[in-house]
>>> print(open('start-v5.tsv').read())   # TSV, C-alpha atoms
chain	number	residue	atom	x	y	z
A	352	ALA	CA	13.37	-0.22	8.00
A	353	GLN	CA	10.75	-2.63	6.79
A	354	SER	CA	9.82	-2.17	3.16
A	355	VAL	CA	8.63	-3.88	0.01
A	356	THR	CA	9.93	-2.82	-3.38
A	357	GLN	CA	8.30	-3.58	-6.68
A	358	PRO	CA	10.70	-2.02	-9.16
A	359	ASP	CA	8.35	-2.11	-12.14
A	360	ILE	CA	5.48	0.36	-12.05
A	361	HIS	CA	3.93	-1.22	-15.11
A	362	ILE	CA	4.67	-4.10	-17.47
A	363	THR	CA	3.19	-4.97	-20.85
A	364	VAL	CA	3.24	-8.53	-22.16
A	365	SER	CA	1.63	-10.23	-25.11
A	366	GLU	CA	-1.12	-12.73	-24.51
A	367	GLY	CA	0.41	-16.19	-24.27
A	368	ALA	CA	3.82	-14.88	-23.25
A	369	SER	CA	5.43	-15.63	-19.92
A	370	LEU	CA	5.39	-13.17	-17.04
A	371	GLU	CA	7.64	-12.38	-14.12
A	372	LEU	CA	6.90	-9.62	-11.63
A	373	ARG	CA	9.66	-8.69	-9.27
A	374	CYS	CA	9.46	-8.11	-5.53
A	375	ASN	CA	12.21	-7.42	-3.00
A	376	TYR	CA	11.71	-6.87	0.69
A	377	SER	CA	13.59	-5.59	3.68
A	378	TYR	CA	12.55	-7.15	6.98
A	379	GLY	CA	14.13	-8.09	10.30
A	380	ALA	CA	13.31	-11.79	10.10
A	381	THR	CA	11.86	-13.98	7.39
A	382	PRO	CA	8.29	-12.77	7.12
A	383	TYR	CA	5.23	-14.32	5.59
A	384	LEU	CA	5.08	-13.29	1.94
A	385	PHE	CA	2.07	-12.67	-0.26
A	386	TRP	CA	0.97	-11.65	-3.71
A	387	TYR	CA	-2.40	-9.98	-4.15
A	388	VAL	CA	-4.17	-9.00	-7.36
A	389	GLN	CA	-6.52	-6.07	-7.84
A	390	SER	CA	-8.77	-5.89	-10.87
A	391	PRO	CA	-10.22	-2.48	-11.80
A	392	GLY	CA	-12.90	-1.40	-9.35
A	393	GLN	CA	-12.30	-4.36	-7.08
A	394	GLY	CA	-10.64	-5.07	-3.79
A	395	LEU	CA	-7.42	-7.03	-3.44
A	396	GLN	CA	-7.57	-10.79	-3.79
A	397	LEU	CA	-4.96	-13.15	-2.42
A	398	LEU	CA	-3.09	-15.00	-5.19
A	399	LEU	CA	-0.66	-16.99	-3.09
A	400	LYS	CA	1.35	-16.97	0.11
A	401	TYR	CA	4.61	-18.33	1.45
A	402	PHE	CA	5.06	-19.17	5.11
A	403	SER	CA	7.60	-21.99	5.23
A	404	GLY	CA	8.88	-25.08	3.47
A	405	ASP	CA	9.06	-25.40	-0.29
A	406	THR	CA	10.29	-22.12	-1.70
A	407	LEU	CA	8.19	-22.48	-4.85
A	408	VAL	CA	4.55	-21.88	-4.05
A	409	GLN	CA	1.55	-22.32	-6.28
A	410	GLY	CA	-1.42	-20.02	-6.29
A	411	ILE	CA	-4.70	-19.48	-7.99
A	412	LYS	CA	-5.14	-18.67	-11.69
A	413	GLY	CA	-1.97	-20.51	-12.65
A	414	PHE	CA	0.42	-18.21	-10.81
A	415	GLU	CA	3.48	-19.29	-8.86
A	416	ALA	CA	6.13	-17.47	-6.86
A	417	GLU	CA	9.60	-18.35	-5.69
A	418	PHE	CA	11.07	-17.27	-2.38
A	419	LYS	CA	14.82	-16.64	-2.45
A	420	ARG	CA	16.11	-15.89	1.02
A	421	SER	CA	19.59	-14.89	-0.13
A	422	GLN	CA	18.15	-12.26	-2.44
A	423	SER	CA	15.22	-11.22	-0.20
A	424	SER	CA	13.01	-11.70	-3.22
A	425	PHE	CA	9.62	-13.20	-3.91
A	426	ASN	CA	9.01	-12.96	-7.64
A	427	LEU	CA	5.69	-13.86	-9.22
A	428	ARG	CA	5.55	-15.88	-12.43
A	429	LYS	CA	3.07	-17.23	-14.90
A	430	PRO	CA	4.07	-19.31	-17.94
A	431	SER	CA	1.32	-18.05	-20.27
A	432	VAL	CA	-0.58	-14.84	-19.67
A	433	HIS	CA	-4.26	-14.46	-20.52
A	434	TRP	CA	-5.97	-11.17	-21.32
A	435	SER	CA	-7.97	-11.51	-18.10
A	436	ASP	CA	-4.73	-11.28	-16.09
A	437	ALA	CA	-4.55	-7.55	-16.79
A	438	ALA	CA	-4.69	-6.01	-13.32
A	439	GLU	CA	-2.51	-4.53	-10.62
A	440	TYR	CA	-0.36	-6.86	-8.56
A	441	PHE	CA	0.82	-6.18	-5.04
A	442	CYS	CA	3.59	-7.94	-3.17
A	443	ALA	CA	3.24	-7.86	0.62
A	444	VAL	CA	4.99	-9.01	3.78
A	445	ALA	CA	3.62	-9.66	7.25
A	446	PRO	CA	5.23	-10.73	10.52
A	447	SER	CA	5.65	-14.44	11.09
A	448	THR	CA	5.71	-13.99	14.85
A	449	GLY	CA	3.71	-11.47	16.83
A	450	GLY	CA	1.78	-8.73	15.10
A	451	PHE	CA	-0.57	-8.29	12.21
A	452	LYS	CA	0.69	-5.32	10.26
A	453	THR	CA	1.11	-6.10	6.57
A	454	ILE	CA	3.38	-3.95	4.42
A	455	PHE	CA	2.39	-3.65	0.78
A	456	GLY	CA	4.52	-2.74	-2.20
A	457	ALA	CA	3.47	0.08	-4.51
A	458	GLY	CA	2.08	-2.34	-7.05
A	459	THR	CA	2.85	-3.32	-10.64
A	460	ARG	CA	0.21	-2.74	-13.25
A	461	LEU	CA	0.10	-5.48	-15.89
A	462	PHE	CA	-1.13	-4.70	-19.38
A	463	VAL	CA	-1.80	-7.58	-21.78
A	464	LYS	CA	-1.77	-6.97	-25.50
A	465	ALA	CA	-3.45	-9.21	-28.03
B	759	ASP	CA	-19.88	-17.58	1.97
B	760	ALA	CA	-20.20	-13.82	1.98
B	761	GLY	CA	-16.96	-11.93	1.81
B	762	VAL	CA	-16.20	-8.63	3.48
B	763	ILE	CA	-19.08	-6.26	2.93
B	764	GLN	CA	-18.64	-2.52	2.64
B	765	SER	CA	-21.20	0.21	2.28
B	766	PRO	CA	-21.78	2.45	0.56
B	767	ARG	CA	-19.85	1.49	-2.58
B	768	HIS	CA	-19.77	5.09	-3.72
B	769	GLU	CA	-20.14	8.29	-1.74
B	770	VAL	CA	-20.15	11.83	-3.05
B	771	THR	CA	-20.29	14.58	-0.49
B	772	GLU	CA	-19.44	18.21	-0.07
B	773	MET	CA	-16.53	19.57	1.89
B	774	GLY	CA	-17.34	19.93	5.57
B	775	GLN	CA	-19.89	17.14	5.68
B	776	GLU	CA	-19.59	14.09	7.88
B	777	VAL	CA	-18.95	10.79	6.11
B	778	THR	CA	-19.41	7.34	7.62
B	779	LEU	CA	-18.09	4.23	5.92
B	780	ARG	CA	-19.24	0.82	7.07
B	781	CYS	CA	-17.71	-2.63	7.08
B	782	LYS	CA	-18.90	-6.10	7.96
B	783	PRO	CA	-15.98	-8.54	8.21
B	784	ILE	CA	-16.16	-12.21	7.37
B	785	SER	CA	-17.82	-14.16	10.15
B	786	GLY	CA	-15.27	-15.71	12.48
B	787	HIS	CA	-12.47	-13.33	11.54
B	788	ASN	CA	-11.03	-11.51	14.53
B	789	SER	CA	-8.85	-8.80	12.98
B	790	LEU	CA	-10.05	-5.89	10.88
B	791	PHE	CA	-8.08	-3.36	8.89
B	792	TRP	CA	-8.99	-0.05	7.25
B	793	TYR	CA	-6.92	1.09	4.26
B	794	ARG	CA	-6.97	4.10	1.98
B	795	GLN	CA	-5.84	3.87	-1.64
B	796	THR	CA	-4.90	6.83	-3.84
B	797	MET	CA	-2.87	7.17	-6.99
B	798	MET	CA	-0.31	9.36	-5.25
B	799	ARG	CA	0.19	7.41	-2.02
B	800	GLY	CA	-0.85	3.89	-2.95
B	801	LEU	CA	-2.34	1.65	-0.28
B	802	GLU	CA	-2.07	3.08	3.24
B	803	LEU	CA	-3.03	1.31	6.46
B	804	LEU	CA	-5.15	3.63	8.58
B	805	ILE	CA	-6.02	1.49	11.60
B	806	TYR	CA	-6.43	-2.09	12.62
B	807	PHE	CA	-8.38	-3.89	15.31
B	808	ASN	CA	-7.86	-7.23	16.96
B	809	ASN	CA	-10.80	-8.74	18.84
B	810	ASN	CA	-12.60	-5.40	18.46
B	811	VAL	CA	-9.78	-3.47	20.16
B	812	PRO	CA	-7.83	-0.84	18.20
B	813	ILE	CA	-4.21	-1.98	18.10
B	814	ASP	CA	-2.51	0.57	15.89
B	815	ASP	CA	-4.07	3.81	14.68
B	816	SER	CA	-0.81	5.50	13.74
B	817	GLY	CA	-1.91	5.63	10.13
B	818	MET	CA	-4.97	7.75	10.81
B	819	PRO	CA	-4.09	11.01	9.08
B	820	GLU	CA	-5.55	13.43	11.60
B	821	ASP	CA	-8.20	13.91	14.25
B	822	ARG	CA	-10.89	14.30	11.61
B	823	PHE	CA	-10.68	10.53	11.15
B	824	SER	CA	-12.07	8.10	13.70
B	825	ALA	CA	-12.86	4.39	13.64
B	826	LYS	CA	-14.91	2.14	15.87
B	827	MET	CA	-15.59	-1.55	16.15
B	828	PRO	CA	-18.47	-2.00	18.58
B	829	ASN	CA	-18.72	-5.74	17.93
B	830	ALA	CA	-17.11	-8.52	15.95
B	831	SER	CA	-19.37	-8.04	12.95
B	832	PHE	CA	-19.30	-4.30	12.36
B	833	SER	CA	-16.90	-1.41	12.03
B	834	THR	CA	-17.17	2.20	10.96
B	835	LEU	CA	-14.70	4.76	9.68
B	836	LYS	CA	-15.87	8.33	10.12
B	837	ILE	CA	-14.49	11.52	8.63
B	838	GLN	CA	-15.71	14.75	10.18
B	839	PRO	CA	-15.42	17.26	8.62
B	840	SER	CA	-14.50	15.88	5.21
B	841	GLU	CA	-12.09	17.66	2.85
B	842	PRO	CA	-11.39	17.23	-0.88
B	843	ARG	CA	-8.02	15.63	-0.12
B	844	ASP	CA	-9.87	12.78	1.60
B	845	SER	CA	-11.12	11.63	-1.81
B	846	ALA	CA	-9.89	8.06	-2.23
B	847	VAL	CA	-10.98	4.45	-2.21
B	848	TYR	CA	-11.31	3.10	1.30
B	849	PHE	CA	-10.93	-0.64	1.84
B	850	CYS	CA	-11.81	-2.79	4.77
B	851	ALA	CA	-10.09	-6.16	5.20
B	852	SER	CA	-10.41	-8.92	7.75
B	853	ARG	CA	-8.13	-11.69	8.91
B	854	PRO	CA	-9.00	-15.07	10.39
B	855	PRO	CA	-7.55	-16.19	13.72
B	856	ALA	CA	-4.52	-18.47	13.76
B	857	SER	CA	-3.73	-17.63	10.17
B	858	TYR	CA	-0.61	-16.67	8.26
B	859	ASN	CA	-1.70	-13.06	8.31
B	860	GLU	CA	-3.45	-13.20	4.96
B	861	GLN	CA	-6.17	-10.63	4.60
B	862	PHE	CA	-9.51	-10.69	2.82
B	863	PHE	CA	-10.53	-7.41	1.26
B	864	GLY	CA	-13.89	-5.86	0.67
B	865	PRO	CA	-14.80	-4.20	-2.63
B	866	GLY	CA	-14.05	-0.73	-1.29
B	867	THR	CA	-15.90	2.55	-0.96
B	868	ARG	CA	-15.03	5.23	-3.49
B	869	LEU	CA	-15.30	8.57	-1.68
B	870	THR	CA	-15.43	11.85	-3.56
B	871	VAL	CA	-15.41	15.07	-1.55
B	872	LEU	CA	-16.32	18.13	-3.62
>>> encode(input="start-v5.tsv", output="structure tokens")
Amino acid sequence: AQSVTQPDIHITVSEGASLELRCNYSYGATPYLFWYVQSPGQGLQLLLKYFSGDTLVQGIKGFEAEFKRSQSSFNLRKPSVHWSDAAEYFCAVAPSTGGFKTIFGAGTRLFVKA
Amino acid sequence: DAGVIQSPRHEVTEMGQEVTLRCKPISGHNSLFWYRQTMMRGLELLIYFNNNVPIDDSGMPEDRFSAKMPNASFSTLKIQPSEPRDSAVYFCASRPPASYNEQFFGPGTRLTVL
């Protein structure tokens, strides 16, 4: 079955500390991979995507993610968190060939403490 | 450029009333998705269209829900009759052609059914 697992429901980090949000997926073939961010009262915004090539991808707001095929993982990282990064983060997968249906993880809520 | 536009942003109605949610996708995008987000169930795909044609409506919870896309620039999601358990945030998203399946989300409509 196709699925996306974000094992951490919520994470709290101190401002300036590093961040890693975990994502594992189960899919028939290597899909396209995404991270979206949702601030309170807002829709989801695309942070970054992986479709091929370099397994380390850069996104907006200083985020990066690394695709590891052997582990079926696509973890999101940021070296220094800012208070404005507090939001909910969704990992997602979509087919790379044929089809449009995106599967979203349950989300990880990030809290940033001063 | 304008993003995905949804209206209304907030809707409060009484049980049994008809509710219509509206979406204008980004110009040039040819796929449109309707999602529902709740605390209990997270983000659920209700239906998606490609080139104005419904492709997969398996996520529509029951016959009280219907969606239309009469042209490339407009879609509606209708609930008739509405029930309190329909209370949620409803998102519309659109996708450009020949893309890596990334989606662009609207700000959402928060629906409260009393």
>>> closest_residue(input="start-v5.tsv", among="A:Ser447, A:Ser423, A:Ser390, A:Ser377", to="Ser435 (chain A)", atoms="only C-alpha atoms")
A:Ser390
>>> interface_residues(input="start-v5.tsv", of="chain B", to="chain A", cutoff="7 Å", atoms="only C-alpha atoms", output="list in words")
Gly800, Tyr858, Asn859, Phe862, Phe863, Gly864, Pro865 and Gly866 of chain B
>>> residues_around(input="start-v5.tsv", residues="Ile362 (chain A)", least_positions_apart="2", cutoff="7 Å", atoms="only C-alpha atoms", output="list in words")
Asp359, Val364, Arg460, Leu461 and Phe462 of chain A
>>> residues_around(input="start-v5.tsv", residues="Met827 (chain B)", least_positions_apart="6", cutoff="10 Å", atoms="all atoms listed in the file", output="PDB file with C-alpha atoms, in the frame of the given file")
ATOM      1  CA  CYS B 781     -17.710  -2.630   7.080  1.00  0.00           C
ATOM      2  CA  LYS B 782     -18.900  -6.100   7.960  1.00  0.00           C
ATOM      3  CA  LEU B 790     -10.050  -5.890  10.880  1.00  0.00           C
ATOM      4  CA  TYR B 806      -6.430  -2.090  12.620  1.00  0.00           C
ATOM      5  CA  PHE B 807      -8.380  -3.890  15.310  1.00  0.00           C
ATOM      6  CA  ASN B 808      -7.860  -7.230  16.960  1.00  0.00           C
ATOM      7  CA  ASN B 809     -10.800  -8.740  18.840  1.00  0.00           C
ATOM      8  CA  ASN B 810     -12.600  -5.400  18.460  1.00  0.00           C
ATOM      9  CA  VAL B 811      -9.780  -3.470  20.160  1.00  0.00           C
ATOM     10  CA  PRO B 812      -7.830  -0.840  18.200  1.00  0.00           C
ATOM     11  CA  SER B 833     -16.900  -1.410  12.030  1.00  0.00           C
ATOM     12  CA  THR B 834     -17.170   2.200  10.960  1.00  0.00           C
ATOM     13  CA  LEU B 835     -14.700   4.760   9.680  1.00  0.00           C
TER      14      LEU B 835
END
>>> closest_residue(input="start-v5.tsv", among="A:Lys429, A:His361, A:Arg373, A:Lys419", to="Leu407 (chain A)", atoms="only C-alpha atoms")
A:Lys419
>>> residues_around(input="start-v5.tsv", residues="Ser765 (chain B)", least_positions_apart="4", cutoff="7 Å", atoms="all atoms listed in the file", output="list in words")
Leu779, Arg780, Cys781 and Thr867 of chain B
